[in-house]
file model25.pdb (PDB, C-alpha atoms and all ligand atoms)
MODEL        1
ATOM      1  CA  MET A1248       4.163  31.067 -54.579
ATOM      2  CA  SER A1249       1.147  33.379 -54.454
ATOM      3  CA  LYS A1250       0.722  36.862 -55.802
ATOM      4  CA  ILE A1251      -0.312  39.920 -53.816
ATOM      5  CA  ILE A1252      -3.159  41.751 -55.569
ATOM      6  CA  GLU A1253      -3.711  44.594 -53.087
ATOM      7  CA  LYS A1254      -1.771  45.890 -50.115
ATOM      8  CA  GLU A1255      -2.363  48.862 -47.816
ATOM      9  CA  GLU A1256      -1.434  50.050 -44.347
ATOM     10  CA  VAL A1257      -4.853  50.477 -42.721
ATOM     11  CA  ALA A1258      -3.536  51.811 -39.400
ATOM     12  CA  PRO A1259      -0.039  52.483 -38.053
ATOM     13  CA  ASN A1260       1.812  49.159 -38.361
ATOM     14  CA  ILE A1261      -1.324  47.236 -39.353
ATOM     15  CA  HIS A1262      -1.599  46.005 -42.925
ATOM     16  CA  ARG A1263      -4.230  44.549 -45.226
ATOM     17  CA  VAL A1264      -3.146  42.162 -47.960
ATOM     18  CA  VAL A1265      -5.288  40.604 -50.680
ATOM     19  CA  PHE A1266      -3.843  37.480 -52.285
ATOM     20  CA  ASP A1267      -4.701  35.813 -55.549
ATOM     21  CA  ALA A1268      -5.726  32.428 -54.132
ATOM     22  CA  PRO A1269      -8.712  30.978 -56.036
ATOM     23  CA  LYS A1270      -8.551  27.466 -54.564
ATOM     24  CA  ILE A1271      -8.391  28.709 -50.975
ATOM     25  CA  ALA A1272     -11.131  31.284 -51.673
ATOM     26  CA  ARG A1273     -13.424  28.465 -52.819
ATOM     27  CA  LYS A1274     -12.846  26.345 -49.696
ATOM     28  CA  VAL A1275     -12.336  28.708 -46.768
ATOM     29  CA  LYS A1276     -14.910  29.092 -44.005
ATOM     30  CA  PRO A1277     -15.225  31.668 -41.174
ATOM     31  CA  GLY A1278     -12.621  31.164 -38.447
ATOM     32  CA  GLN A1279     -10.036  29.397 -40.605
ATOM     33  CA  PHE A1280      -6.509  30.623 -41.233
ATOM     34  CA  VAL A1281      -3.673  30.419 -43.738
ATOM     35  CA  ILE A1282       0.069  30.111 -43.220
ATOM     36  CA  VAL A1283       2.291  32.501 -45.140
ATOM     37  CA  ILE A1284       6.048  32.273 -45.699
ATOM     38  CA  PRO A1285       7.116  35.620 -47.172
ATOM     39  CA  ASP A1286      10.375  34.409 -48.715
ATOM     40  CA  GLU A1287      12.532  31.299 -48.728
ATOM     41  CA  PHE A1288      14.190  32.299 -45.440
ATOM     42  CA  GLY A1289      10.958  33.380 -43.742
ATOM     43  CA  GLU A1290       9.047  31.799 -40.891
ATOM     44  CA  ARG A1291       5.698  30.086 -41.245
ATOM     45  CA  THR A1292       3.243  32.589 -39.813
ATOM     46  CA  PRO A1293      -0.503  31.978 -39.361
ATOM     47  CA  PHE A1294      -3.044  34.652 -40.337
ATOM     48  CA  THR A1295      -6.818  34.446 -39.924
ATOM     49  CA  VAL A1296      -8.642  34.843 -43.229
ATOM     50  CA  ALA A1297     -10.577  38.097 -42.819
ATOM     51  CA  ASP A1298     -12.506  37.986 -46.079
ATOM     52  CA  TRP A1299     -12.628  36.202 -49.419
ATOM     53  CA  ASP A1300     -14.210  36.448 -52.840
ATOM     54  CA  SER A1301     -14.698  33.053 -54.426
ATOM     55  CA  GLU A1302     -15.628  34.549 -57.832
ATOM     56  CA  ARG A1303     -12.625  36.845 -57.990
ATOM     57  CA  GLY A1304     -10.472  34.138 -56.418
ATOM     58  CA  THR A1305      -8.992  36.272 -53.644
ATOM     59  CA  ILE A1306      -8.513  36.106 -49.883
ATOM     60  CA  THR A1307      -7.774  38.956 -47.463
ATOM     61  CA  ILE A1308      -5.684  38.995 -44.300
ATOM     62  CA  PHE A1309      -4.829  41.727 -41.784
ATOM     63  CA  PHE A1310      -1.645  41.650 -39.750
ATOM     64  CA  LEU A1311       0.411  43.628 -37.286
ATOM     65  CA  GLU A1312       4.076  44.183 -38.180
ATOM     66  CA  VAL A1313       5.833  42.723 -35.151
ATOM     67  CA  GLY A1314       8.768  40.632 -36.369
ATOM     68  CA  VAL A1315      11.010  39.857 -39.325
ATOM     69  CA  SER A1316       8.506  37.873 -41.362
ATOM     70  CA  THR A1317       5.688  40.386 -40.932
ATOM     71  CA  MET A1318       8.172  43.173 -41.710
ATOM     72  CA  LYS A1319       9.079  41.414 -44.965
ATOM     73  CA  LEU A1320       5.400  40.999 -45.788
ATOM     74  CA  ALA A1321       4.714  44.640 -44.966
ATOM     75  CA  LYS A1322       7.390  45.709 -47.445
ATOM     76  CA  MET A1323       5.774  43.815 -50.303
ATOM     77  CA  GLY A1324       3.221  45.322 -52.655
ATOM     78  CA  PRO A1325       0.854  44.438 -55.492
ATOM     79  CA  GLY A1326       2.575  42.143 -57.996
ATOM     80  CA  ASP A1327       5.007  40.709 -55.449
ATOM     81  CA  CYS A1328       4.783  37.046 -54.519
ATOM     82  CA  VAL A1329       5.123  35.272 -51.215
ATOM     83  CA  HIS A1330       7.104  32.050 -51.144
ATOM     84  CA  THR A1331       4.222  29.986 -49.720
ATOM     85  CA  LEU A1332       0.545  30.462 -48.981
ATOM     86  CA  VAL A1333      -1.148  27.376 -47.599
ATOM     87  CA  GLY A1334      -4.685  26.822 -46.332
ATOM     88  CA  PRO A1335      -7.398  26.901 -45.385
ATOM     89  CA  LEU A1336      -6.250  25.495 -42.029
ATOM     90  CA  GLY A1337      -7.919  24.932 -38.656
ATOM     91  CA  LYS A1338     -11.503  24.086 -37.838
ATOM     92  CA  PRO A1339     -14.139  26.524 -39.033
ATOM     93  CA  THR A1340     -16.013  28.446 -36.337
ATOM     94  CA  LYS A1341     -19.243  26.763 -35.256
ATOM     95  CA  ILE A1342     -21.939  29.022 -36.647
ATOM     96  CA  GLU A1343     -25.488  28.501 -35.372
ATOM     97  CA  LYS A1344     -28.459  30.464 -34.209
ATOM     98  CA  PHE A1345     -27.680  31.337 -30.584
ATOM     99  CA  GLY A1346     -29.876  34.443 -30.258
ATOM    100  CA  THR A1347     -27.773  37.490 -29.381
ATOM    101  CA  VAL A1348     -24.109  37.159 -30.277
ATOM    102  CA  VAL A1349     -21.410  39.617 -29.167
ATOM    103  CA  LEU A1350     -18.301  39.636 -31.358
ATOM    104  CA  GLY A1351     -15.247  41.319 -29.862
ATOM    105  CA  GLY A1352     -12.311  42.325 -32.059
ATOM    106  CA  GLY A1353      -9.014  44.031 -31.287
ATOM    107  CA  CYS A1354      -5.831  44.525 -33.341
ATOM    108  CA  TYR A1355      -5.869  42.095 -36.331
ATOM    109  CA  GLY A1356      -9.155  40.784 -34.857
ATOM    110  CA  LEU A1357     -10.937  43.871 -36.210
ATOM    111  CA  GLY A1358     -10.440  42.266 -39.603
ATOM    112  CA  ALA A1359     -10.852  38.662 -38.489
ATOM    113  CA  ILE A1360     -14.298  39.109 -36.909
ATOM    114  CA  TYR A1361     -15.862  40.395 -40.135
ATOM    115  CA  PRO A1362     -16.626  36.958 -41.682
ATOM    116  CA  LEU A1363     -17.857  35.778 -38.274
ATOM    117  CA  ALA A1364     -20.224  38.742 -37.983
ATOM    118  CA  ARG A1365     -21.523  38.102 -41.495
ATOM    119  CA  ALA A1366     -22.019  34.367 -40.854
ATOM    120  CA  PHE A1367     -23.697  34.815 -37.440
ATOM    121  CA  LYS A1368     -25.995  37.415 -38.994
ATOM    122  CA  GLU A1369     -26.895  35.100 -41.884
ATOM    123  CA  ALA A1370     -27.680  32.374 -39.329
ATOM    124  CA  GLY A1371     -30.380  34.625 -37.847
ATOM    125  CA  ASN A1372     -28.592  36.029 -34.797
ATOM    126  CA  LYS A1373     -28.694  39.559 -33.459
ATOM    127  CA  VAL A1374     -25.055  40.571 -33.852
ATOM    128  CA  ILE A1375     -23.429  43.149 -31.577
ATOM    129  CA  VAL A1376     -19.872  44.023 -32.591
ATOM    130  CA  VAL A1377     -17.512  45.395 -29.947
ATOM    131  CA  THR A1378     -14.201  46.856 -31.062
ATOM    132  CA  GLU A1379     -11.165  47.523 -28.895
ATOM    133  CA  GLY A1380      -8.059  49.632 -29.462
ATOM    134  CA  ARG A1381      -5.552  51.706 -27.522
ATOM    135  CA  THR A1382      -6.625  54.839 -29.374
ATOM    136  CA  ARG A1383      -8.812  55.833 -32.332
ATOM    137  CA  TYR A1384      -5.904  55.737 -34.816
ATOM    138  CA  VAL A1385      -5.399  51.998 -34.463
ATOM    139  CA  LEU A1386      -9.001  51.153 -35.312
ATOM    140  CA  PHE A1387      -9.858  50.038 -38.851
ATOM    141  CA  ASN A1388     -12.510  48.089 -40.775
ATOM    142  CA  LEU A1389     -15.251  49.841 -38.755
ATOM    143  CA  LYS A1390     -17.418  50.673 -41.773
ATOM    144  CA  ARG A1391     -17.526  47.081 -42.995
ATOM    145  CA  LEU A1392     -18.301  45.797 -39.505
ATOM    146  CA  GLN A1393     -21.068  48.377 -39.174
ATOM    147  CA  GLU A1394     -22.651  47.047 -42.381
ATOM    148  CA  VAL A1395     -23.219  43.578 -40.902
ATOM    149  CA  ALA A1396     -23.771  44.428 -37.225
ATOM    150  CA  ASP A1397     -27.122  45.184 -35.601
ATOM    151  CA  GLU A1398     -25.224  47.351 -33.150
ATOM    152  CA  MET A1399     -21.628  48.398 -32.841
ATOM    153  CA  ILE A1400     -19.847  49.543 -29.684
ATOM    154  CA  ILE A1401     -16.428  51.138 -30.045
ATOM    155  CA  THR A1402     -14.052  51.153 -27.092
ATOM    156  CA  THR A1403     -10.656  52.837 -26.780
ATOM    157  CA  SER A1404      -8.276  52.738 -23.816
ATOM    158  CA  ASP A1405      -7.748  56.513 -23.943
ATOM    159  CA  GLY A1406     -11.385  57.393 -24.654
ATOM    160  CA  SER A1407     -10.494  59.099 -27.970
ATOM    161  CA  LEU A1408     -13.377  57.299 -29.709
ATOM    162  CA  GLY A1409     -16.440  55.582 -28.282
ATOM    163  CA  ILE A1410     -16.437  54.330 -24.716
ATOM    164  CA  LYS A1411     -13.294  54.675 -22.611
ATOM    165  CA  GLY A1412     -12.384  51.119 -21.687
ATOM    166  CA  HIS A1413     -12.053  47.679 -23.190
ATOM    167  CA  ALA A1414     -14.181  45.118 -25.006
ATOM    168  CA  HIS A1415     -14.940  43.244 -21.787
ATOM    169  CA  ASP A1416     -16.251  46.516 -20.251
ATOM    170  CA  ALA A1417     -18.685  46.775 -23.157
ATOM    171  CA  VAL A1418     -19.935  43.233 -22.497
ATOM    172  CA  ARG A1419     -20.552  44.148 -18.856
ATOM    173  CA  MET A1420     -22.291  47.356 -19.932
ATOM    174  CA  LEU A1421     -24.594  45.416 -22.265
ATOM    175  CA  VAL A1422     -25.596  43.077 -19.449
ATOM    176  CA  GLU A1423     -26.193  46.026 -17.111
ATOM    177  CA  ARG A1424     -28.533  47.622 -19.633
ATOM    178  CA  GLY A1425     -30.539  44.363 -19.698
ATOM    179  CA  GLU A1426     -29.282  42.742 -22.898
ATOM    180  CA  LYS A1427     -29.546  38.953 -22.801
ATOM    181  CA  ILE A1428     -26.321  37.747 -24.392
ATOM    182  CA  ASP A1429     -26.341  34.129 -25.546
ATOM    183  CA  HIS A1430     -22.883  33.797 -27.049
ATOM    184  CA  VAL A1431     -19.624  35.764 -27.108
ATOM    185  CA  HIS A1432     -16.679  35.322 -29.484
ATOM    186  CA  PHE A1433     -13.443  37.324 -29.057
ATOM    187  CA  VAL A1434     -10.558  37.578 -31.534
ATOM    188  CA  GLY A1435      -7.493  39.690 -30.752
ATOM    189  CA  CYS A1436      -4.501  39.865 -28.464
ATOM    190  CA  THR A1437      -4.041  37.387 -25.623
ATOM    191  CA  TYR A1438      -4.844  39.978 -22.941
ATOM    192  CA  MET A1439      -8.108  40.973 -24.591
ATOM    193  CA  MET A1440      -9.281  37.372 -24.947
ATOM    194  CA  MET A1441      -8.187  36.541 -21.401
ATOM    195  CA  THR A1442     -10.035  39.498 -19.826
ATOM    196  CA  GLY A1443     -13.068  38.745 -22.001
ATOM    197  CA  SER A1444     -13.038  35.175 -20.731
ATOM    198  CA  LYS A1445     -12.759  36.273 -17.071
ATOM    199  CA  THR A1446     -15.622  38.759 -17.422
ATOM    200  CA  THR A1447     -17.960  36.360 -19.218
ATOM    201  CA  LYS A1448     -17.203  33.684 -16.628
ATOM    202  CA  GLU A1449     -18.348  36.069 -13.891
ATOM    203  CA  LEU A1450     -21.445  36.891 -15.939
ATOM    204  CA  ASN A1451     -22.076  33.221 -16.767
ATOM    205  CA  ILE A1452     -22.056  33.758 -20.547
ATOM    206  CA  PRO A1453     -20.337  31.284 -22.893
ATOM    207  CA  ILE A1454     -17.335  32.610 -24.804
ATOM    208  CA  VAL A1455     -15.258  31.252 -27.668
ATOM    209  CA  VAL A1456     -11.781  32.660 -28.313
ATOM    210  CA  SER A1457      -9.625  32.239 -31.417
ATOM    211  CA  LEU A1458      -6.123  31.488 -30.161
ATOM    212  CA  ALA A1459      -3.295  32.833 -32.308
ATOM    213  CA  ALA A1460      -0.608  30.471 -31.014
ATOM    214  CA  LEU A1461       2.909  30.289 -32.438
ATOM    215  CA  MET A1462       2.860  27.724 -35.241
ATOM    216  CA  VAL A1463       5.252  25.890 -37.505
ATOM    217  CA  ASP A1464       3.567  23.312 -39.737
ATOM    218  CA  GLY A1465      -0.047  24.201 -38.934
ATOM    219  CA  THR A1466      -1.158  20.612 -39.441
ATOM    220  CA  GLY A1467      -0.728  19.011 -36.013
ATOM    221  CA  MET A1468       2.757  17.524 -36.474
ATOM    222  CA  CYS A1469       5.236  19.749 -34.611
ATOM    223  CA  GLY A1470       3.504  20.572 -31.295
ATOM    224  CA  CYS A1471       4.583  24.226 -31.416
ATOM    225  CA  CYS A1472       1.019  25.497 -31.023
ATOM    226  CA  ARG A1473       0.069  23.414 -27.997
ATOM    227  CA  VAL A1474      -2.241  24.954 -25.427
ATOM    228  CA  ILE A1475      -3.931  23.578 -22.334
ATOM    229  CA  VAL A1476      -7.720  23.634 -22.467
ATOM    230  CA  GLY A1477      -9.779  22.029 -19.738
ATOM    231  CA  GLY A1478      -6.629  20.338 -18.402
ATOM    232  CA  GLU A1479      -5.902  18.649 -21.732
ATOM    233  CA  THR A1480      -3.182  19.420 -24.256
ATOM    234  CA  LYS A1481      -4.629  20.669 -27.516
ATOM    235  CA  PHE A1482      -3.035  21.816 -30.754
ATOM    236  CA  ALA A1483      -4.383  25.219 -31.776
ATOM    237  CA  CYS A1484      -3.815  24.470 -35.462
ATOM    238  CA  VAL A1485      -5.944  21.338 -35.738
ATOM    239  CA  ASP A1486      -8.091  21.262 -32.564
ATOM    240  CA  GLY A1487      -8.706  25.028 -32.825
ATOM    241  CA  PRO A1488      -8.093  27.852 -33.296
ATOM    242  CA  ASP A1489     -11.440  28.249 -31.485
ATOM    243  CA  PHE A1490     -11.654  27.148 -27.848
ATOM    244  CA  ASP A1491     -13.905  27.683 -24.855
ATOM    245  CA  GLY A1492     -12.315  30.753 -23.241
ATOM    246  CA  HIS A1493     -13.396  29.642 -19.755
ATOM    247  CA  LEU A1494     -11.312  26.463 -20.048
ATOM    248  CA  VAL A1495      -8.114  27.942 -21.523
ATOM    249  CA  ASP A1496      -5.010  28.022 -19.291
ATOM    250  CA  TRP A1497      -4.178  31.678 -20.001
ATOM    251  CA  GLU A1498      -0.917  31.681 -18.041
ATOM    252  CA  ILE A1499       0.514  29.093 -20.423
ATOM    253  CA  VAL A1500      -0.863  30.842 -23.515
ATOM    254  CA  ALA A1501       0.806  34.125 -22.442
ATOM    255  CA  ALA A1502       4.097  32.436 -21.531
ATOM    256  CA  ARG A1503       4.335  30.540 -24.823
ATOM    257  CA  ALA A1504       3.392  33.627 -26.860
ATOM    258  CA  GLY A1505       6.335  35.517 -25.343
ATOM    259  CA  ALA A1506       8.834  32.654 -25.452
ATOM    260  CA  TYR A1507      10.895  34.030 -28.366
ATOM    261  CA  VAL A1508      10.424  37.762 -27.878
ATOM    262  CA  PRO A1509      14.145  38.538 -27.132
ATOM    263  CA  GLU A1510      15.289  36.601 -30.223
ATOM    264  CA  GLU A1511      12.541  38.161 -32.351
ATOM    265  CA  ASN A1512      13.505  41.668 -31.250
ATOM    266  CA  LEU A1513      17.148  41.006 -32.080
ATOM    267  CA  ALA A1514      16.294  39.591 -35.509
ATOM    268  CA  TYR A1515      13.921  42.501 -36.185
ATOM    269  CA  GLN A1516      16.612  45.086 -35.447
ATOM    270  CA  PHE A1517      19.111  43.185 -37.597
ATOM    271  CA  TYR A1518      16.798  43.001 -40.597
ATOM    272  CA  LYS A1519      15.634  46.581 -40.174
ATOM    273  CA  MET A1520      19.214  47.634 -40.915
ATOM    274  CA  ARG A1521      19.279  45.650 -44.141
ATOM    275  CA  GLU A1522      17.593  48.213 -46.356
ATOM    276  CA  ASP A1523      18.648  46.275 -49.417
ATOM    277  CA  ASP A1524      16.581  43.222 -48.435
ATOM    278  CA  THR A1525      14.679  42.581 -51.648
ATOM    279  CA  SER A1526      14.599  38.825 -51.387
ATOM    280  CA  HIS A1527      10.923  38.415 -52.304
ATOM    281  CA  ALA A1528      10.470  37.154 -55.834
ATOM    282  CA  LYS A1529       8.517  37.958 -58.941
ATOM    283  CA  CYS A1530       7.040  34.586 -59.714
ATOM    284  CA  GLU A1531       4.946  31.980 -61.395
ATOM    285  CA  CYS A1532       2.376  32.058 -58.605
ATOM    286  CA  GLN A1533       0.711  28.946 -57.300
ATOM    287  CA  GLU A1534      -1.183  28.454 -54.066
ATOM    288  CA  GLU A1535      -1.091  25.299 -52.000
ATOM    289  CA  VAL A1536      -4.436  23.999 -50.811
ATOM    290  CA  GLN A1537      -5.059  21.726 -47.825
TER
HETATM  291 FE1  LIG B   1       2.608  22.318 -35.441
HETATM  292 FE2  LIG B   1       0.200  23.025 -34.580
HETATM  293  S1  LIG B   1       1.649  24.233 -35.590
HETATM  294  S2  LIG B   1       1.225  21.122 -34.278
ENDMDL
END
call {"tool": "encode", "arguments": {"input": "model25.pdb", "output": "structure tokens"}}
result
Amino acid sequence: MSKIIEKEEVAPNIHRVVFDAPKIARKVKPGQFVIVIPDEFGERTPFTVADWDSERGTITIFFLEVGVSTMKLAKMGPGDCVHTLVGPLGKPTKIEKFGTVVLGGGCYGLGAIYPLARAFKEAGNKVIVVTEGRTRYVLFNLKRLQEVADEMIITTSDGSLGIKGHAHDAVRMLVERGEKIDHVHFVGCTYMMMTGSKTTKELNIPIVVSLAALMVDGTGMCGCCRVIVGGETKFACVDGPDFDGHLVDWEIVAARAGAYVPEENLAYQFYKMREDDTSHAKCECQEEVQ
């Protein structure tokens, strides 16, 4: 079990949680994730590590409340413990000096791209951060991203902040203004990463995407997270989560991501009615390290 140190709702339905997890904080690298089980009846849900402090012994995640397990997590607060926190999992993102790197983040990706931006910057790249959201109220973490970015472009679907459009529109705009982009990395919802991959393919720019597939064990044993990349079956948890966006079979990614939506909606409504659900425990906290 692992203890929550800080918890806040950073945007409607989007939460930031800081865990006491000294062993994970010492090992984690940009692009890796943890699996959290909120209580003994909860699912195993993967979350990208959005920040860490190895001296303080903490890690930070951001998540969208979309189902029962994330609802349970959203109801917890400082001092509460999750049943399991395991990681770091997945391959770290390949960080090297590419030249100009564009990092696109949407939804939880606004948190997840922060360590990538920091690492690409430290590697000597020019870092351009592009954020995407439906409207200005769903954007968060902008100040921290601004601190590490050479340039930041904000996009919103309704035009309430920054450019009206999407992250892939910003990439096209950068090319049109004459920016030579050497590398793109998108983290966010499936649609955002898919459109980013299509646009960069047209523009002949390499792109890496961090696939947030459904997972169970997170260690390559169950096959739940399988994706097709370049015609081959890959497991997002151990072969990824980073993949070449131009080679991903997006139709399969989208279909698998929505496979349990009816059941999840039903379970969410059922649990929402159980106001007395206080199953998370006060605990002797211990993290599990891979
Ligand atoms: Fe089980 Fe990846 S989550 S193989």
call {"tool": "resolve_selection", "arguments": {"input": "model25.pdb", "expression": "the PyMOL selection byres (((chain A and resi 1456) around 9) and not hetatm)", "output": "PDB file with C-alpha atoms, in the frame of the given file"}}
result
ATOM      1  CA  VAL A1431     -19.624  35.764 -27.108  1.00  0.00           C
ATOM      2  CA  HIS A1432     -16.679  35.322 -29.484  1.00  0.00           C
ATOM      3  CA  PHE A1433     -13.443  37.324 -29.057  1.00  0.00           C
ATOM      4  CA  VAL A1434     -10.558  37.578 -31.534  1.00  0.00           C
ATOM      5  CA  GLY A1435      -7.493  39.690 -30.752  1.00  0.00           C
ATOM      6  CA  MET A1440      -9.281  37.372 -24.947  1.00  0.00           C
ATOM      7  CA  MET A1441      -8.187  36.541 -21.401  1.00  0.00           C
ATOM      8  CA  GLY A1443     -13.068  38.745 -22.001  1.00  0.00           C
ATOM      9  CA  SER A1444     -13.038  35.175 -20.731  1.00  0.00           C
ATOM     10  CA  ILE A1454     -17.335  32.610 -24.804  1.00  0.00           C
ATOM     11  CA  VAL A1455     -15.258  31.252 -27.668  1.00  0.00           C
ATOM     12  CA  SER A1457      -9.625  32.239 -31.417  1.00  0.00           C
ATOM     13  CA  LEU A1458      -6.123  31.488 -30.161  1.00  0.00           C
ATOM     14  CA  PRO A1488      -8.093  27.852 -33.296  1.00  0.00           C
ATOM     15  CA  ASP A1489     -11.440  28.249 -31.485  1.00  0.00           C
ATOM     16  CA  PHE A1490     -11.654  27.148 -27.848  1.00  0.00           C
ATOM     17  CA  ASP A1491     -13.905  27.683 -24.855  1.00  0.00           C
ATOM     18  CA  GLY A1492     -12.315  30.753 -23.241  1.00  0.00           C
TER      19      GLY A1492
END
call {"tool": "closest_residue", "arguments": {"input": "model25.pdb", "among": "A:Ile1261, A:Met1468, A:Val1349, A:Cys1328", "to": "ligand LIG 1 (chain B)", "atoms": "all atoms listed in the file"}}
result
A:Met1468
call {"tool": "residues_around", "arguments": {"input": "model25.pdb", "residues": "A:Gln1516", "least_positions_apart": "6", "cutoff": "12 Å", "atoms": "all atoms listed in the file", "output": "VMD selection string"}}
result
chain A and resid 1313 to 1315 1318 1509 to 1510 1522
call {"tool": "atom_distance", "arguments": {"input": "model25.pdb", "atom1": "atom CA of A:Arg1473", "atom2": "atom CA of A:His1493"}}
result
17.0 Å
call {"tool": "resolve_selection", "arguments": {"input": "model25.pdb", "expression": "the PyMOL selection byres (((not hetatm)) within 8 of (chain B and resi 1))", "output": "list in words"}}
result
Leu1461, Met1462, Val1463, Asp1464, Gly1465, Thr1466, Gly1467, Met1468, Cys1469, Gly1470, Cys1471, Cys1472, Arg1473, Phe1482, Ala1483, Cys1484 and Val1485 of chain A
call {"tool": "resolve_selection", "arguments": {"input": "model25.pdb", "expression": "the PyMOL selection byres (((chain A and resi 1373) around 9) and not hetatm)", "output": "list in words"}}
result
Phe1345, Gly1346, Thr1347, Val1348, Val1349, Phe1367, Lys1368, Gly1371, Asn1372, Val1374, Ile1375, Ala1396, Asp1397 and Glu1398 of chain A
call {"tool": "decode", "arguments": {"input": "model25.pdb", "residues": "stretch 1443-1456 of chain A", "atoms": "N, CA and C atoms", "output": "PDB file, in the first residue's frame"}}
result
ATOM      1  N   GLY A1443      -2.177  13.593 -34.908  1.00  0.00           N
ATOM      2  CA  GLY A1443      -0.779  14.057 -34.914  1.00  0.00           C
ATOM      3  C   GLY A1443       0.077  13.177 -35.806  1.00  0.00           C
ATOM      4  N   SER A1444      -0.187  11.883 -35.764  1.00  0.00           N
ATOM      5  CA  SER A1444       0.587  10.942 -36.584  1.00  0.00           C
ATOM      6  C   SER A1444       0.279  11.139 -38.072  1.00  0.00           C
ATOM      7  N   LYS A1445      -1.016  11.355 -38.391  1.00  0.00           N
ATOM      8  CA  LYS A1445      -1.388  11.567 -39.807  1.00  0.00           C
ATOM      9  C   LYS A1445      -0.741  12.839 -40.342  1.00  0.00           C
ATOM     10  N   THR A1446      -0.802  13.906 -39.550  1.00  0.00           N
ATOM     11  CA  THR A1446      -0.244  15.194 -40.004  1.00  0.00           C
ATOM     12  C   THR A1446       1.268  15.105 -40.194  1.00  0.00           C
ATOM     13  N   THR A1447       1.952  14.520 -39.229  1.00  0.00           N
ATOM     14  CA  THR A1447       3.423  14.448 -39.336  1.00  0.00           C
ATOM     15  C   THR A1447       3.843  13.519 -40.475  1.00  0.00           C
ATOM     16  N   LYS A1448       3.008  12.530 -40.781  1.00  0.00           N
ATOM     17  CA  LYS A1448       3.324  11.657 -41.913  1.00  0.00           C
ATOM     18  C   LYS A1448       3.296  12.470 -43.211  1.00  0.00           C
ATOM     19  N   GLU A1449       2.240  13.280 -43.343  1.00  0.00           N
ATOM     20  CA  GLU A1449       2.138  14.163 -44.521  1.00  0.00           C
ATOM     21  C   GLU A1449       3.333  15.109 -44.624  1.00  0.00           C
ATOM     22  N   LEU A1450       3.777  15.588 -43.446  1.00  0.00           N
ATOM     23  CA  LEU A1450       4.864  16.570 -43.411  1.00  0.00           C
ATOM     24  C   LEU A1450       6.246  15.915 -43.380  1.00  0.00           C
ATOM     25  N   ASN A1451       6.244  14.579 -43.339  1.00  0.00           N
ATOM     26  CA  ASN A1451       7.494  13.808 -43.313  1.00  0.00           C
ATOM     27  C   ASN A1451       8.363  14.137 -42.093  1.00  0.00           C
ATOM     28  N   ILE A1452       7.721  14.185 -40.931  1.00  0.00           N
ATOM     29  CA  ILE A1452       8.443  14.426 -39.666  1.00  0.00           C
ATOM     30  C   ILE A1452       8.223  13.210 -38.766  1.00  0.00           C
ATOM     31  N   PRO A1453       9.278  12.678 -38.161  1.00  0.00           N
ATOM     32  CA  PRO A1453       9.089  11.528 -37.267  1.00  0.00           C
ATOM     33  C   PRO A1453       8.269  11.885 -36.027  1.00  0.00           C
ATOM     34  N   ILE A1454       7.440  10.955 -35.600  1.00  0.00           N
ATOM     35  CA  ILE A1454       6.646  11.179 -34.379  1.00  0.00           C
ATOM     36  C   ILE A1454       6.657   9.928 -33.511  1.00  0.00           C
ATOM     37  N   VAL A1455       6.764  10.141 -32.212  1.00  0.00           N
ATOM     38  CA  VAL A1455       6.611   9.068 -31.233  1.00  0.00           C
ATOM     39  C   VAL A1455       5.337   9.359 -30.452  1.00  0.00           C
ATOM     40  N   VAL A1456       4.547   8.322 -30.193  1.00  0.00           N
ATOM     41  CA  VAL A1456       3.335   8.485 -29.386  1.00  0.00           C
ATOM     42  C   VAL A1456       3.424   7.549 -28.180  1.00  0.00           C
TER      43      VAL A1456
END
